[in-house]
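Coordinates from model17.txt are shown below (compact mmCIF, N, CA and C atoms).
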# COMPACT_ATOMS: atom_id res chain seq x y z
N MET A 1 20.61 126.90 182.61
CA MET A 1 21.92 127.26 183.12
C MET A 1 21.88 128.65 183.74
N ILE A 2 22.60 128.79 184.81
CA ILE A 2 22.70 130.08 185.50
C ILE A 2 24.04 130.71 185.15
N LYS A 3 24.00 131.94 184.66
CA LYS A 3 25.23 132.67 184.35
C LYS A 3 25.86 133.17 185.64
N VAL A 4 27.18 133.07 185.75
CA VAL A 4 27.90 133.46 186.97
C VAL A 4 28.70 134.73 186.69
N GLU A 5 28.52 135.73 187.53
CA GLU A 5 29.23 137.00 187.40
C GLU A 5 30.44 137.03 188.33
N ASN A 6 31.34 138.01 188.12
CA ASN A 6 32.52 138.23 188.97
C ASN A 6 33.41 137.00 189.08
N GLN A 7 33.60 136.31 188.00
CA GLN A 7 34.43 135.10 187.97
C GLN A 7 35.80 135.45 187.40
N GLN A 8 36.84 134.87 187.95
CA GLN A 8 38.19 135.05 187.40
C GLN A 8 38.25 134.37 186.04
N PRO A 9 39.17 134.76 185.17
CA PRO A 9 39.27 134.11 183.86
C PRO A 9 39.54 132.61 183.98
N CYS A 10 39.06 131.86 183.03
CA CYS A 10 39.28 130.41 182.99
C CYS A 10 40.77 130.13 182.91
N LYS A 11 41.25 129.20 183.71
CA LYS A 11 42.68 128.87 183.73
C LYS A 11 43.12 128.11 182.49
N VAL A 12 42.17 127.58 181.72
CA VAL A 12 42.51 126.82 180.51
C VAL A 12 42.47 127.70 179.26
N CYS A 13 41.35 128.44 179.07
CA CYS A 13 41.19 129.19 177.82
C CYS A 13 41.18 130.71 177.98
N GLY A 14 41.11 131.21 179.22
CA GLY A 14 41.15 132.65 179.48
C GLY A 14 39.83 133.38 179.35
N GLN A 15 38.78 132.71 178.95
CA GLN A 15 37.47 133.35 178.82
C GLN A 15 36.90 133.65 180.21
N LYS A 16 35.93 134.58 180.28
CA LYS A 16 35.37 134.99 181.57
C LYS A 16 33.89 134.64 181.72
N GLU A 17 33.31 133.91 180.79
CA GLU A 17 31.90 133.56 180.89
C GLU A 17 31.73 132.17 181.49
N PHE A 18 31.15 132.14 182.68
CA PHE A 18 30.93 130.89 183.41
C PHE A 18 29.45 130.69 183.64
N VAL A 19 29.03 129.44 183.71
CA VAL A 19 27.65 129.08 183.98
C VAL A 19 27.63 127.98 185.05
N GLN A 20 26.44 127.73 185.59
CA GLN A 20 26.29 126.67 186.58
C GLN A 20 25.31 125.63 186.08
N GLY A 21 25.58 124.40 186.45
CA GLY A 21 24.70 123.29 186.15
C GLY A 21 24.62 122.38 187.36
N LYS A 22 23.58 121.55 187.40
CA LYS A 22 23.34 120.69 188.56
C LYS A 22 23.49 119.23 188.18
N LEU A 23 24.17 118.49 189.01
CA LEU A 23 24.24 117.03 188.91
C LEU A 23 23.53 116.48 190.12
N GLY A 24 22.48 115.74 189.91
CA GLY A 24 21.79 115.19 191.06
C GLY A 24 20.31 115.02 190.85
N ASN A 25 19.95 113.93 190.26
CA ASN A 25 18.55 113.55 190.12
C ASN A 25 18.46 112.10 190.55
N GLY A 26 18.06 111.87 191.79
CA GLY A 26 17.95 110.50 192.27
C GLY A 26 19.29 109.88 192.57
N TYR A 27 19.71 108.92 191.77
CA TYR A 27 20.91 108.12 192.05
C TYR A 27 22.22 108.87 191.85
N SER A 28 22.22 109.98 191.14
CA SER A 28 23.47 110.69 190.89
C SER A 28 23.78 111.76 191.93
N SER A 29 22.96 111.88 192.97
CA SER A 29 23.20 112.86 194.04
C SER A 29 24.34 112.41 194.94
N LEU A 30 24.92 113.37 195.64
CA LEU A 30 25.94 113.08 196.65
C LEU A 30 25.25 112.45 197.85
N THR A 31 25.77 111.30 198.31
CA THR A 31 25.19 110.62 199.46
C THR A 31 26.27 110.38 200.51
N GLU A 32 25.83 110.02 201.71
CA GLU A 32 26.78 109.72 202.77
C GLU A 32 27.63 108.52 202.38
N VAL A 33 28.87 108.50 202.81
CA VAL A 33 29.83 107.47 202.43
C VAL A 33 29.36 106.07 202.79
N ASP A 34 28.84 105.88 203.97
CA ASP A 34 28.50 104.54 204.44
C ASP A 34 27.03 104.16 204.27
N LYS A 35 26.29 104.91 203.47
CA LYS A 35 24.87 104.65 203.27
C LYS A 35 24.56 104.45 201.79
N ILE A 36 23.67 103.53 201.50
CA ILE A 36 23.20 103.34 200.12
C ILE A 36 22.03 104.28 199.84
N LEU A 37 21.12 104.35 200.78
CA LEU A 37 19.97 105.25 200.68
C LEU A 37 19.99 106.20 201.86
N GLY A 38 19.26 107.26 201.79
CA GLY A 38 19.18 108.19 202.91
C GLY A 38 19.43 109.61 202.46
N LYS A 39 20.19 110.34 203.24
CA LYS A 39 20.45 111.75 202.97
C LYS A 39 21.23 111.91 201.68
N SER A 40 20.83 112.91 200.89
CA SER A 40 21.54 113.18 199.65
C SER A 40 21.35 114.64 199.25
N SER A 41 22.20 115.11 198.36
CA SER A 41 22.10 116.48 197.88
C SER A 41 22.68 116.57 196.47
N PRO A 42 22.09 117.39 195.61
CA PRO A 42 22.67 117.63 194.30
C PRO A 42 24.01 118.36 194.42
N LEU A 43 24.82 118.27 193.40
CA LEU A 43 26.07 119.01 193.31
C LEU A 43 25.88 120.12 192.28
N ILE A 44 26.40 121.32 192.58
CA ILE A 44 26.35 122.45 191.66
C ILE A 44 27.75 122.66 191.09
N PHE A 45 27.86 122.59 189.76
CA PHE A 45 29.13 122.78 189.07
C PHE A 45 29.15 124.17 188.44
N THR A 46 30.24 124.91 188.65
CA THR A 46 30.47 126.17 187.95
C THR A 46 31.56 125.88 186.93
N PHE A 47 31.27 126.17 185.65
CA PHE A 47 32.23 125.81 184.60
C PHE A 47 32.26 126.85 183.49
N CYS A 48 33.38 126.87 182.78
CA CYS A 48 33.60 127.79 181.67
C CYS A 48 32.65 127.43 180.53
N LYS A 49 31.90 128.42 180.06
CA LYS A 49 30.95 128.19 178.97
C LYS A 49 31.67 127.92 177.65
N ASN A 50 32.91 128.37 177.52
CA ASN A 50 33.66 128.18 176.29
C ASN A 50 34.28 126.79 176.17
N CYS A 51 35.02 126.36 177.20
CA CYS A 51 35.75 125.09 177.09
C CYS A 51 35.27 123.99 178.04
N GLY A 52 34.42 124.34 179.01
CA GLY A 52 33.88 123.34 179.93
C GLY A 52 34.72 123.06 181.16
N GLU A 53 35.82 123.76 181.35
CA GLU A 53 36.66 123.55 182.53
C GLU A 53 35.85 123.86 183.79
N VAL A 54 35.85 122.95 184.75
CA VAL A 54 35.10 123.14 186.00
C VAL A 54 35.94 123.96 186.96
N SER A 55 35.38 125.08 187.43
CA SER A 55 36.11 125.93 188.38
C SER A 55 35.71 125.66 189.81
N SER A 56 34.49 125.12 190.04
CA SER A 56 34.10 124.78 191.40
C SER A 56 32.97 123.76 191.41
N ILE A 57 32.94 122.98 192.50
CA ILE A 57 31.87 122.03 192.75
C ILE A 57 31.38 122.32 194.16
N LYS A 58 30.07 122.51 194.30
CA LYS A 58 29.49 122.86 195.59
C LYS A 58 28.32 121.93 195.90
N VAL A 59 28.21 121.51 197.16
CA VAL A 59 27.08 120.72 197.62
C VAL A 59 25.92 121.69 197.84
N LYS A 60 24.79 121.45 197.16
CA LYS A 60 23.67 122.38 197.23
C LYS A 60 23.06 122.45 198.63
N ASN A 61 22.92 121.33 199.31
CA ASN A 61 22.29 121.28 200.63
C ASN A 61 23.19 120.62 201.66
N PRO A 62 24.29 121.26 202.07
CA PRO A 62 25.22 120.62 203.00
C PRO A 62 24.61 120.35 204.37
N HIS A 63 23.57 121.10 204.73
CA HIS A 63 22.94 120.92 206.05
C HIS A 63 22.23 119.57 206.17
N LYS A 64 22.01 118.88 205.08
CA LYS A 64 21.37 117.57 205.13
C LYS A 64 22.27 116.48 205.74
N PHE A 65 23.55 116.75 205.83
CA PHE A 65 24.49 115.73 206.30
C PHE A 65 24.78 115.91 207.75

Would you write out, as C-alpha cells, the structure that this file holds?
Amino acid sequence: MIKVENQQPCKVCGQKEFVQGKLGNGYSSLTEVDKILGKSSPLIFTFCKNCGEVSSIKVKNPHKF
C-alpha cells in the first residue's frame, strides 16, 4: 500500500490517513465498453486507512484507450 499525503479528512470518520491500492490483475482491469479483450488498465483506489471509505478512483494508464 502507498501512503497518501496532503489528503483532506475522511468525510465518514474524519481521519487523515489515506492509502492507495490497485484493482486490476487480468480480468478485473478496466476495459473498453464494447470489447471483451483488448486494451485495459488497472484502477487505483485512494481510501481511508481507518474506515475504508474510497475518496478517489483513478485509471492508471488512461493513454491506453

* Pairwise distance for atom C of Ile2 of chain A and atom N of Thr46 of chain A, rounded to one decimal in Å -> 9.2 Å

* Mind listing as a list of chain:residue names all residues within 7 Å of (23.4, 127.6, 185.5), counting all atoms listed in the file? -> A:Met1, A:Ile2, A:Lys3, A:Val4, A:Val19, A:Gln20, A:Gly21, A:Lys22

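With atom N of Lys39 of chain A on one side and atom CA of Ser55 of chain A on the other, the separation reads 26.8 Å.
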
* To do: Would you mind listing what lies within 8 Å of Phe65 of chain A as a VMD selection string, with all atoms listed in the file counted and same-chain residues fewer than 3 positions away left out?
  => chain A and resid 32 39 to 41 61 to 62

* To do: Please identify all polymer residues within 8 Å of Gln7 of chain A, counting only C-alpha atoms, omitting same-chain residues fewer than 2 positions from it, and present them as a list in words.
  => Val4, Glu5, Pro9, Lys16, Glu17 and Phe18 of chain A

Let me see the file: selected residues, N, CA and C atoms, as a PDB file, in the coordinates of the input.
ATOM      1  N   VAL A   4      27.180 133.070 185.750  1.00  0.00           N
ATOM      2  CA  VAL A   4      27.900 133.460 186.970  1.00  0.00           C
ATOM      3  C   VAL A   4      28.700 134.730 186.690  1.00  0.00           C
ATOM      4  N   GLU A   5      28.520 135.730 187.530  1.00  0.00           N
ATOM      5  CA  GLU A   5      29.230 137.000 187.400  1.00  0.00           C
ATOM      6  C   GLU A   5      30.440 137.030 188.330  1.00  0.00           C
ATOM      7  N   PRO A   9      39.170 134.760 185.170  1.00  0.00           N
ATOM      8  CA  PRO A   9      39.270 134.110 183.860  1.00  0.00           C
ATOM      9  C   PRO A   9      39.540 132.610 183.980  1.00  0.00           C
ATOM     10  N   LYS A  16      35.930 134.580 180.280  1.00  0.00           N
ATOM     11  CA  LYS A  16      35.370 134.990 181.570  1.00  0.00           C
ATOM     12  C   LYS A  16      33.890 134.640 181.720  1.00  0.00           C
ATOM     13  N   GLU A  17      33.310 133.910 180.790  1.00  0.00           N
ATOM     14  CA  GLU A  17      31.900 133.560 180.890  1.00  0.00           C
ATOM     15  C   GLU A  17      31.730 132.170 181.490  1.00  0.00           C
ATOM     16  N   PHE A  18      31.150 132.140 182.680  1.00  0.00           N
ATOM     17  CA  PHE A  18      30.930 130.890 183.410  1.00  0.00           C
ATOM     18  C   PHE A  18      29.450 130.690 183.640  1.00  0.00           C
TER      19      PHE A  18
END

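Straight-line separation from atom CA of Lys58 of chain A to atom CA of Gly38 of chain A: 19.4 Å.
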
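Proximity of A:Leu43, A:Leu23, A:Ile36, A:Val12 to Val59 of chain A, computed with only N, CA and C atoms, is greatest for A:Leu43.
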